[in-house]
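**Q** Below is model.txt; it holds compact mmCIF, C-alpha atoms and all ligand atoms.
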```txt
# COMPACT_ATOMS: atom_id res chain seq x y z
CA MET Y 1 18.29 -143.45 -155.70
CA HIS Y 2 20.74 -142.50 -152.97
CA GLU Y 3 22.19 -146.02 -152.85
CA MET Y 4 25.45 -144.76 -154.35
CA GLY Y 5 25.90 -142.39 -151.42
CA ILE Y 6 25.10 -145.17 -148.98
CA ALA Y 7 27.48 -147.56 -150.75
CA GLN Y 8 30.25 -144.93 -150.50
CA GLN Y 9 29.75 -144.49 -146.77
CA LEU Y 10 29.62 -148.24 -146.33
CA VAL Y 11 32.89 -148.76 -148.21
CA LYS Y 12 34.60 -146.07 -146.18
CA ILE Y 13 33.53 -147.61 -142.86
CA ALA Y 14 34.50 -151.11 -144.00
CA LEU Y 15 37.93 -150.07 -145.27
CA ASP Y 16 38.63 -148.17 -142.05
CA ALA Y 17 37.76 -151.27 -140.04
CA ILE Y 18 40.28 -153.57 -141.69
CA PRO Y 19 43.29 -153.91 -139.37
CA LYS Y 20 46.30 -152.21 -140.91
CA ASP Y 21 48.70 -154.98 -139.89
CA LEU Y 22 47.09 -157.66 -142.05
CA LYS Y 23 48.95 -158.96 -145.05
CA ASN Y 24 46.74 -159.19 -148.11
CA PRO Y 25 43.46 -158.91 -146.29
CA ARG Y 26 40.56 -160.06 -148.42
CA VAL Y 27 37.07 -159.27 -147.29
CA GLU Y 28 34.66 -162.05 -148.15
CA ILE Y 29 31.44 -160.91 -146.57
CA ILE Y 30 30.06 -157.67 -145.19
CA HIS Y 31 27.14 -158.20 -142.86
CA LEU Y 32 24.49 -155.49 -142.96
CA LYS Y 33 21.23 -154.89 -141.15
CA ILE Y 34 18.64 -153.02 -143.15
CA GLY Y 35 15.20 -152.16 -141.86
CA LYS Y 36 12.22 -152.98 -144.06
CA LEU Y 37 11.17 -149.34 -144.01
CA ALA Y 38 14.63 -147.94 -144.77
CA SER Y 39 14.66 -146.51 -148.26
CA VAL Y 40 17.33 -148.82 -149.59
CA VAL Y 41 16.80 -150.98 -152.64
CA GLU Y 42 18.99 -154.01 -152.07
CA HIS Y 43 19.90 -154.79 -155.64
CA SER Y 44 20.83 -151.20 -156.40
CA LEU Y 45 22.95 -151.05 -153.26
CA THR Y 46 24.72 -154.25 -154.33
CA PHE Y 47 25.15 -152.87 -157.83
CA CYS Y 48 26.68 -149.59 -156.60
CA PHE Y 49 28.85 -151.47 -154.15
CA GLU Y 50 30.27 -153.68 -156.89
CA ILE Y 51 31.10 -150.71 -159.07
CA ILE Y 52 32.97 -148.71 -156.47
CA THR Y 53 34.89 -151.59 -154.93
CA LYS Y 54 36.68 -152.59 -158.12
CA ASP Y 55 40.41 -152.78 -157.43
CA THR Y 56 40.01 -152.25 -153.69
CA LEU Y 57 40.35 -154.61 -150.73
CA LEU Y 58 36.61 -155.04 -150.92
CA GLU Y 59 36.54 -156.31 -154.47
CA ASN Y 60 34.58 -159.58 -154.58
CA ALA Y 61 33.20 -159.01 -151.09
CA ARG Y 62 29.58 -160.06 -150.79
CA LEU Y 63 26.92 -158.05 -149.02
CA GLU Y 64 24.88 -160.20 -146.65
CA ILE Y 65 21.78 -158.29 -145.74
CA ASP Y 66 19.76 -159.17 -142.69
CA SER Y 67 16.43 -157.45 -143.09
CA VAL Y 68 14.86 -156.05 -139.94
CA PRO Y 69 11.08 -156.18 -139.50
CA VAL Y 70 9.13 -153.04 -138.74
CA ARG Y 71 8.08 -153.12 -135.09
CA VAL Y 72 5.97 -150.44 -133.50
CA HIS Y 73 4.72 -149.52 -130.06
CA CYS Y 74 1.53 -147.68 -129.12
CA ARG Y 75 2.22 -145.06 -126.46
CA SER Y 76 -1.48 -144.84 -125.74
CA CYS Y 77 -2.16 -148.49 -124.85
CA ASP Y 78 1.39 -149.84 -124.48
CA GLN Y 79 0.94 -152.66 -127.03
CA SER Y 80 3.71 -153.64 -129.46
CA TRP Y 81 3.37 -155.43 -132.78
CA GLU Y 82 4.97 -155.99 -136.18
CA VAL Y 83 3.81 -153.95 -139.14
CA THR Y 84 4.02 -155.68 -142.50
CA GLY Y 85 2.26 -153.17 -144.74
CA PRO Y 86 2.09 -149.38 -144.77
CA VAL Y 87 -0.63 -149.20 -142.11
CA PHE Y 88 0.51 -148.05 -138.66
CA LYS Y 89 -2.87 -147.59 -136.98
CA CYS Y 90 -3.09 -149.20 -133.58
CA PRO Y 91 -5.37 -152.27 -133.82
CA PHE Y 92 -5.87 -152.29 -130.04
CA CYS Y 93 -7.11 -148.79 -129.37
CA GLU Y 94 -8.63 -145.89 -131.27
CA ASP Y 95 -6.28 -143.17 -132.54
CA GLY Y 96 -3.23 -144.54 -130.73
CA ASP Y 97 0.06 -142.65 -130.68
CA VAL Y 98 2.23 -145.14 -132.54
CA GLU Y 99 6.04 -144.99 -132.54
CA MET Y 100 8.51 -147.09 -134.50
CA ILE Y 101 10.86 -149.32 -132.54
CA SER Y 102 12.70 -150.90 -135.45
CA GLY Y 103 12.64 -151.05 -139.22
CA ARG Y 104 14.68 -148.00 -140.23
CA GLU Y 105 18.18 -149.40 -139.60
CA ILE Y 106 20.97 -149.08 -142.16
CA GLU Y 107 23.83 -150.63 -140.23
CA ILE Y 108 27.08 -152.35 -140.90
CA ILE Y 109 27.52 -155.19 -138.42
CA SER Y 110 30.74 -156.99 -139.26
CA LEU Y 111 33.26 -158.07 -141.86
CA GLU Y 112 34.41 -161.59 -142.60
CA LEU Y 113 37.99 -161.79 -143.76
CA GLU Y 114 39.61 -164.68 -145.52
CA GLU Y 115 42.94 -164.38 -143.74
CA THR Y 116 43.76 -165.05 -140.12
CA PRO Y 117 45.56 -162.22 -138.37
CA CYS Y 118 49.30 -162.58 -138.78
CA VAL Y 119 51.42 -159.66 -137.81
CA ASP Y 120 54.64 -159.27 -139.77
CA GLN Y 121 54.83 -162.85 -140.90
CA PRO Y 122 56.83 -163.43 -144.04
CA GLN Y 123 54.72 -164.14 -147.09
CA ILE Y 124 55.18 -167.70 -148.22
CA ASP Y 125 54.69 -168.29 -151.88
CA LYS Y 126 52.51 -171.28 -152.47
CA GLN Y 127 53.28 -172.77 -155.82
CA MET T 1 38.26 -164.01 -139.13
CA GLU T 2 35.44 -161.73 -138.17
CA ILE T 3 35.71 -158.04 -137.42
CA LYS T 4 32.83 -156.53 -135.48
CA ILE T 5 31.84 -153.03 -136.50
CA GLN T 6 28.24 -152.24 -135.53
CA LYS T 7 27.89 -148.74 -136.99
CA ARG T 8 25.14 -146.78 -138.62
CA VAL T 9 26.08 -146.26 -142.25
CA LEU T 10 24.66 -142.73 -142.31
CA GLU T 11 26.41 -141.77 -139.10
CA VAL T 12 28.36 -139.00 -140.82
CA ASN T 13 25.19 -137.27 -141.95
CA GLU T 14 23.57 -137.82 -138.55
CA THR T 15 26.52 -136.26 -136.73
CA GLU T 16 26.40 -133.27 -139.07
CA ALA T 17 22.64 -132.97 -138.57
CA GLU T 18 23.17 -132.76 -134.81
CA LYS T 19 25.70 -129.96 -135.36
CA ASN T 20 23.13 -128.15 -137.50
CA ARG T 21 20.55 -128.53 -134.76
CA LYS T 22 22.93 -126.99 -132.23
CA PHE T 23 23.72 -124.13 -134.64
CA PHE T 24 20.02 -123.42 -135.22
CA ARG T 25 19.38 -123.46 -131.48
CA GLU T 26 22.17 -120.95 -130.93
CA LYS T 27 20.80 -118.71 -133.68
CA ASN T 28 17.28 -119.20 -132.28
CA VAL T 29 15.82 -120.17 -135.64
CA PHE T 30 13.03 -122.65 -136.30
CA VAL T 31 13.81 -124.91 -139.26
CA LEU T 32 11.20 -126.52 -141.48
CA ASN T 33 12.13 -129.18 -144.02
CA MET T 34 9.60 -129.24 -146.90
CA MET T 35 9.40 -132.34 -149.00
CA SER T 36 7.23 -133.68 -151.83
CA SER T 37 7.27 -135.17 -155.31
CA PRO T 38 8.29 -132.74 -158.04
CA GLY T 39 5.43 -130.39 -158.90
CA SER T 40 3.27 -130.92 -155.80
CA GLY T 41 3.48 -127.22 -155.09
CA LYS T 42 6.26 -126.68 -152.54
CA THR T 43 7.45 -123.44 -154.12
CA GLU T 44 3.95 -122.10 -154.67
CA THR T 45 2.93 -123.00 -151.11
CA LEU T 46 6.08 -121.35 -149.82
CA PHE T 47 5.48 -118.26 -151.91
CA LYS T 48 1.99 -117.76 -150.48
CA THR T 49 3.15 -118.64 -146.99
CA LEU T 50 5.97 -116.08 -147.14
CA MET T 51 3.66 -113.40 -148.53
CA ARG T 52 1.53 -113.78 -145.44
CA LEU T 53 4.23 -114.31 -142.82
CA MET T 54 6.73 -111.67 -143.85
CA PRO T 55 7.79 -109.32 -142.37
CA LYS T 56 6.30 -110.20 -138.98
CA VAL T 57 8.00 -113.57 -139.12
CA ARG T 58 11.38 -113.10 -140.77
CA VAL T 59 11.99 -116.01 -143.10
CA GLY T 60 15.02 -117.39 -144.87
CA VAL T 61 14.70 -120.03 -147.58
CA ILE T 62 17.09 -122.64 -148.88
CA VAL T 63 15.90 -124.00 -152.22
CA GLY T 64 17.16 -127.35 -153.36
CA ASP T 65 16.16 -127.22 -156.98
CA ILE T 66 18.79 -129.18 -158.87
CA CYS T 67 18.91 -127.50 -162.24
CA THR T 68 17.27 -124.10 -162.32
CA THR T 69 17.09 -120.95 -160.22
CA ASN T 70 13.42 -120.35 -161.11
CA ASP T 71 12.14 -121.24 -157.65
CA ALA T 72 14.66 -118.99 -155.91
CA ASP T 73 13.95 -116.08 -158.28
CA ARG T 74 10.26 -116.38 -157.56
CA LEU T 75 10.66 -116.53 -153.79
CA VAL T 76 13.01 -113.53 -153.61
CA LYS T 77 10.04 -111.34 -154.58
CA THR T 78 8.47 -111.98 -151.17
CA GLY T 79 11.30 -110.14 -149.44
CA ALA T 80 12.64 -113.31 -147.86
CA ARG T 81 16.31 -114.10 -147.96
CA VAL T 82 16.68 -116.93 -150.45
CA ILE T 83 19.59 -119.11 -151.39
CA GLN T 84 19.80 -121.74 -154.07
CA ILE T 85 21.63 -124.92 -153.24
CA ASN T 86 23.44 -127.24 -155.57
CA THR T 87 23.69 -130.83 -154.49
CA ASP T 88 27.07 -132.44 -153.95
CA GLN T 89 28.43 -135.92 -154.35
CA PHE T 90 27.32 -136.93 -150.87
CA GLY T 91 23.80 -135.82 -151.48
CA GLY T 92 23.72 -136.91 -155.08
CA ASP T 93 20.81 -135.22 -156.74
CA CYS T 94 17.97 -136.82 -154.86
CA HIS T 95 18.07 -135.15 -151.43
CA LEU T 96 19.84 -132.45 -149.43
CA SER T 97 22.47 -133.57 -146.95
CA ALA T 98 23.14 -131.99 -143.56
CA PRO T 99 26.54 -130.49 -144.51
CA LEU T 100 25.05 -128.82 -147.59
CA VAL T 101 22.26 -127.28 -145.55
CA MET T 102 24.79 -125.96 -143.02
CA ASP T 103 26.81 -124.43 -145.81
CA SER T 104 23.78 -122.55 -147.12
CA ALA T 105 22.55 -121.63 -143.65
CA ARG T 106 25.89 -119.95 -142.94
CA LYS T 107 25.71 -118.08 -146.24
CA ILE T 108 22.22 -116.86 -145.41
CA GLY T 109 23.42 -115.80 -141.99
CA CYS T 110 20.49 -116.76 -139.73
CA GLU T 111 21.22 -113.76 -137.47
CA ASP T 112 17.95 -111.90 -138.00
CA ILE T 113 15.77 -114.77 -139.13
CA ASP T 114 13.03 -116.48 -137.10
CA LEU T 115 12.17 -119.24 -139.52
CA LEU T 116 14.35 -121.07 -142.02
CA ILE T 117 12.50 -123.14 -144.59
CA VAL T 118 14.33 -125.71 -146.65
CA GLU T 119 12.64 -126.71 -149.91
CA ASN T 120 14.12 -130.16 -150.39
CA ILE T 121 14.66 -131.93 -153.71
CA GLY T 122 11.42 -133.15 -155.30
CA ASN T 123 11.40 -136.81 -154.27
CA LEU T 124 9.29 -138.81 -151.81
CA VAL T 125 11.95 -141.40 -151.00
CA CYS T 126 15.43 -140.11 -150.28
CA PRO T 127 14.83 -136.87 -148.35
CA ALA T 128 12.88 -138.91 -145.77
CA GLU T 129 16.08 -140.78 -144.93
CA PHE T 130 18.38 -137.80 -144.43
CA ASP T 131 18.16 -135.67 -141.30
CA ILE T 132 19.26 -132.09 -141.99
CA GLY T 133 18.91 -130.86 -138.41
CA GLU T 134 15.40 -129.54 -138.91
CA ASP T 135 12.81 -129.00 -136.18
CA SER T 136 9.84 -130.18 -138.23
CA ARG T 137 9.25 -131.96 -141.49
CA ALA T 138 6.38 -131.06 -143.78
CA VAL T 139 5.26 -133.22 -146.68
CA VAL T 140 3.18 -131.76 -149.50
CA LEU T 141 0.90 -134.02 -151.50
CA SER T 142 -1.24 -132.63 -154.28
CA VAL T 143 -4.67 -134.05 -155.06
CA THR T 144 -3.54 -134.73 -158.65
CA GLU T 145 -1.08 -137.37 -157.44
CA GLY T 146 -3.69 -139.90 -156.38
CA GLU T 147 -4.94 -141.02 -152.99
CA ASP T 148 -2.58 -143.94 -152.53
CA LYS T 149 0.74 -142.06 -152.50
CA PRO T 150 0.99 -142.24 -148.68
CA LEU T 151 0.66 -146.03 -148.82
CA LYS T 152 3.33 -146.24 -151.51
CA TYR T 153 5.79 -143.98 -149.69
CA PRO T 154 5.09 -144.76 -146.03
CA LEU T 155 8.47 -143.66 -144.67
CA MET T 156 7.96 -140.10 -145.89
CA PHE T 157 4.55 -139.87 -144.23
CA ARG T 158 5.90 -141.54 -141.09
CA VAL T 159 8.74 -139.06 -140.64
CA ALA T 160 6.56 -136.04 -141.46
CA ASP T 161 5.31 -133.88 -138.59
CA VAL T 162 2.70 -132.17 -140.73
CA ALA T 163 1.16 -132.75 -144.14
CA ILE T 164 -0.36 -130.41 -146.69
CA LEU T 165 -2.90 -131.71 -149.17
CA ASN T 166 -2.44 -129.14 -151.92
CA LYS T 167 -4.32 -128.06 -155.06
CA ILE T 168 -7.78 -128.65 -153.59
CA ASP T 169 -9.01 -126.00 -156.07
CA LEU T 170 -8.68 -128.71 -158.74
CA LEU T 171 -10.97 -131.21 -156.98
CA PRO T 172 -14.07 -130.35 -159.05
CA TYR T 173 -12.19 -131.37 -162.20
CA LEU T 174 -10.72 -134.59 -160.88
CA ASP T 175 -11.97 -138.02 -159.98
CA VAL T 176 -10.17 -137.98 -156.64
CA ASP T 177 -11.46 -138.86 -153.20
CA ARG T 178 -10.01 -136.16 -150.95
CA ASP T 179 -11.10 -137.88 -147.73
CA LEU T 180 -9.43 -141.09 -148.82
CA ALA T 181 -6.18 -139.21 -149.44
CA VAL T 182 -6.31 -137.80 -145.90
CA ASP T 183 -7.36 -141.19 -144.52
CA ASN T 184 -4.40 -142.90 -146.12
CA MET T 185 -2.02 -140.38 -144.59
CA LYS T 186 -3.55 -141.10 -141.19
CA LYS T 187 -3.29 -144.84 -141.73
CA VAL T 188 0.45 -144.44 -142.08
CA HIS T 189 0.71 -141.78 -139.39
CA PRO T 190 -2.37 -141.74 -137.15
CA ARG T 191 -1.86 -138.37 -135.46
CA LEU T 192 -0.43 -136.48 -138.42
CA PRO T 193 -1.91 -132.98 -138.70
CA VAL T 194 -3.16 -132.59 -142.29
CA PHE T 195 -4.04 -129.23 -143.84
CA GLU T 196 -6.17 -129.27 -146.97
CA MET T 197 -5.36 -126.18 -148.98
CA SER T 198 -4.77 -124.53 -152.32
CA ALA T 199 -1.66 -122.50 -152.99
CA LYS T 200 -3.49 -121.03 -155.96
CA THR T 201 -6.63 -119.70 -154.25
CA GLU T 202 -5.18 -119.67 -150.73
CA ALA T 203 -8.17 -121.65 -149.49
CA GLY T 204 -7.42 -123.35 -146.18
CA TYR T 205 -4.38 -121.22 -145.41
CA GLU T 206 -5.26 -119.95 -141.95
CA PRO T 207 -4.91 -123.22 -139.99
CA TRP T 208 -1.58 -123.96 -141.68
CA LEU T 209 -0.18 -120.50 -140.96
CA GLU T 210 -1.39 -120.79 -137.39
CA TRP T 211 0.31 -124.16 -136.98
CA LEU T 212 3.58 -122.79 -138.37
CA LYS T 213 3.54 -119.57 -136.35
CA ILE T 214 2.92 -121.49 -133.13
CA LYS T 215 5.79 -123.87 -133.92
CA VAL T 216 8.14 -120.96 -134.55
CA PHE T 217 6.98 -119.24 -131.37
CA GLU T 218 7.30 -122.38 -129.24
CA LYS T 219 10.96 -122.74 -130.15
CA THR T 220 12.12 -119.16 -130.55
CA GLY T 221 9.66 -117.01 -128.60
CA LYS T 222 9.43 -114.89 -131.74
CA GLY T 223 6.99 -114.13 -134.56
CA LEU T 224 3.55 -114.17 -132.88
N1 LIG K 1 -4.22 -125.37 -159.51
C1 LIG K 1 -3.20 -125.31 -158.67
N2 LIG K 1 -1.94 -125.32 -159.14
C2 LIG K 1 -0.94 -125.27 -158.25
C3 LIG K 1 -1.15 -125.21 -156.86
N3 LIG K 1 0.04 -125.19 -156.25
C4 LIG K 1 0.99 -125.22 -157.21
N4 LIG K 1 0.41 -125.28 -158.42
C5 LIG K 1 1.08 -125.36 -159.73
O1 LIG K 1 1.78 -126.60 -159.82
C6 LIG K 1 3.00 -126.45 -160.49
C7 LIG K 1 4.16 -126.93 -159.63
O2 LIG K 1 4.24 -126.11 -158.48
P1 LIG K 1 5.61 -125.84 -157.73
O3 LIG K 1 5.30 -124.96 -156.57
O4 LIG K 1 6.63 -125.37 -158.66
O5 LIG K 1 5.96 -127.33 -157.24
P2 LIG K 1 7.29 -127.88 -156.54
O6 LIG K 1 8.02 -128.63 -157.58
O7 LIG K 1 6.81 -128.79 -155.47
O8 LIG K 1 8.05 -126.71 -156.01
C8 LIG K 1 3.10 -124.97 -160.86
O9 LIG K 1 2.65 -124.82 -162.18
C9 LIG K 1 2.16 -124.31 -159.88
O10 LIG K 1 1.62 -123.11 -160.38
C10 LIG K 1 -2.52 -125.19 -156.40
O11 LIG K 1 -2.81 -125.17 -155.20
N5 LIG K 1 -3.48 -125.26 -157.35
MG MG K 2 10.01 -126.05 -156.28
ZN ZN K 3 -2.99 -148.41 -128.94
```
Please rewrite the model in this file as structure tokens.
Ligand SMILES: Nc1nc2c(ncn2[C@@H]2O[C@H](COP(=O)(O)OP(=O)(O)O)[C@@H](O)[C@H]2O)c(=O)[nH]1
Ligand SMILES: [Mg+2]
Ligand SMILES: [Zn+2]
**A**
Amino acid sequence: MHEMGIAQQLVKIALDAIPKDLKNPRVEIIHLKIGKLASVVEHSLTFCFEIITKDTLLENARLEIDSVPVRVHCRSCDQSWEVTGPVFKCPFCEDGDVEMISGREIEIISLELEETPCVDQPQIDKQ
Amino acid sequence: MEIKIQKRVLEVNETEAEKNRKFFREKNVFVLNMMSSPGSGKTETLFKTLMRLMPKVRVGVIVGDICTTNDADRLVKTGARVIQINTDQFGGDCHLSAPLVMDSARKIGCEDIDLLIVENIGNLVCPAEFDIGEDSRAVVLSVTEGEDKPLKYPLMFRVADVAILNKIDLLPYLDVDRDLAVDNMKKVHPRLPVFEMSAKTEAGYEPWLEWLKIKVFEKTGKGL
């Protein structure tokens, strides 16, 4: 539902990160890390991303999403484990105080560009 | 060629939320972010809460209803200072963003307020993701929504600091297991305080008001 907003932030960060001295930079891949509990629907993020990157340096860039498992830690008994469903109860102790360690990330990790960095090199027309 | 970035995509909102938090600390105001599905009873719960808290606890309200001013009109009658918010392009229409909340908080003033309550947009997904600089998050679930809502929207119940199970006056007419609803909330968030109440009959209001007053007092030293 808020994937458009997230896509807009993402595009802004990605565009800012492209070195200004590149000739014709073309972004091929944007690597993302998204936690399993983050409220991001991947296909709607991809959809929004495609719409707003038309005619920009990010057009045709692909989102590669690395999904991060939900890991939690019990402050009461100091155990850690991975949560795969919605249940966060500590299986090791009664009524444990359970905190999340990972699983909420929405992060941009890196960009992969087609071109090698070439500062002020003349463009050579390949016929 | 690879360019490393390593940034949180919602960093802008997070930075703004931290600014809000600083602002609210300076103004010595406790901020509660109220979230739920549409129609769970946020406005009604707020109305009854304000009726009982005002004027001893001075309350300001930011209402994030997207299309009408009905909620705000209703809440003004309690004597609280109320402002209606319209969502912007950053927030879209599914949640309130930190900059929007700051905008409204400045309009309200916050000078002679002890408690600022933000009624977020009716939605169990998006508001859970967006920090607005609040001190506590409350989620309202009504018994008419079914017991399994917490399991379907775990993030919301994870980020909540307190939950209200509302409309318990309707239980005799429904085939709903109230204990299961509470149980499911605790499965997602084992130590979540849950208040079972009715905004209509005001059953179960005392423990909730107590919880809220103590929270306000703990931060601001005011209102008890
Ligand atoms: N029976 C009953 N109805 C309620 C209760 N709380 C709210 N309502 C009704 O539920 C509807 C939605 O409530 P409202 O406060 O506007 O929900 P919001 O969208 O979360 O702000 C309204 O018709 C309220 O009168 C309650 O505790 N019991
Ligand atoms: Mg409302
Ligand atoms: Zn434990």
**Q** Can you tell me which residues sit at most 9 Å away from ligand LIG 1 (chain K), counting all atoms listed in the file, written as number ranges by chain?
**A** T: 35-47, 65, 70-71, 119-122, 140-142, 165-170, 197-203
**Q** Could you name the residues that touch region 30-45 of chain Y at 6 Å or less, counting all atoms listed in the file, but leaving out those on the same chain fewer than 6 positions away, as a list in words?
**A**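 Near region 30-45 of chain Y, the qualifying residues are Glu3, Leu63, Glu64, Ile65, Asp66, Ser67, Val68, Pro69, Gly103, Arg104, Glu105, Ile106, Glu107, Ile108, Ile109, Ser110 and Leu111 of chain Y.
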**Q** Let me see if you get this right: every residue at most 6 Å from ligand ZN 3 (chain K), counting only C-alpha atoms and all ligand atoms, written as a ChimeraX atom specification.
**A** /Y:74,76-77,90,92-93,96
**Q** With all atoms of region 131-149 of chain T from the file as input, state the centre and edge lengths in Å to one decimal of the axis-aligned box that has 5 Å extra on each side, as lines of an AutoDock Vina configuration file.
**A**
```
center_x = 7.2
center_y = -136.5
center_z = -147.4
size_x = 34.2
size_y = 24.9
size_z = 32.5
```
**Q** Which residues of chain T are close to chain Y, meaning at most 12 Å apart when you count all atoms listed in the file, and how do they look as an MDAnalysis selection string?
**A** chainID T and resid 1:13 88:97 123:130 148:159 183:192
**Q** Which residue, T:Leu100, T:Val118, T:Leu50, T:Ile164, has the smallest gap to Gly204 (chain T) when you use only C-alpha atoms?
**A** T:Ile164
**Q** Record the distance separating CA of Leu15 (chain Y) and CA of Thr15 (chain T), expressed in Å with one decimal.
**A** 19.8 Å
**Q** Tell me which protein, DNA and RNA residues are within 8 Å of Glu147 (chain T), counting all atoms listed in the file, leaving out same-chain ones fewer than 2 positions away, and put them as a list in words.
**A** Val143, Glu145, Lys149, Pro150, Val176, Asp177, Arg178, Leu180, Ala181, Val182 and Asn184 of chain T
**Q** Go ahead and save the picked residues with C-alpha atoms, as an mmCIF file, keeping the file's coordinate frame.
**A**
```cif
data_model
loop_
_atom_site.group_PDB
_atom_site.id
_atom_site.type_symbol
_atom_site.label_atom_id
_atom_site.label_comp_id
_atom_site.auth_asym_id
_atom_site.auth_seq_id
_atom_site.Cartn_x
_atom_site.Cartn_y
_atom_site.Cartn_z
ATOM 1 C CA VAL T 143 -4.670 -134.050 -155.060
ATOM 2 C CA GLU T 145 -1.080 -137.370 -157.440
ATOM 3 C CA LYS T 149 0.740 -142.060 -152.500
ATOM 4 C CA PRO T 150 0.990 -142.240 -148.680
ATOM 5 C CA VAL T 176 -10.170 -137.980 -156.640
ATOM 6 C CA ASP T 177 -11.460 -138.860 -153.200
ATOM 7 C CA ARG T 178 -10.010 -136.160 -150.950
ATOM 8 C CA LEU T 180 -9.430 -141.090 -148.820
ATOM 9 C CA ALA T 181 -6.180 -139.210 -149.440
ATOM 10 C CA VAL T 182 -6.310 -137.800 -145.900
ATOM 11 C CA ASN T 184 -4.400 -142.900 -146.120
#
```
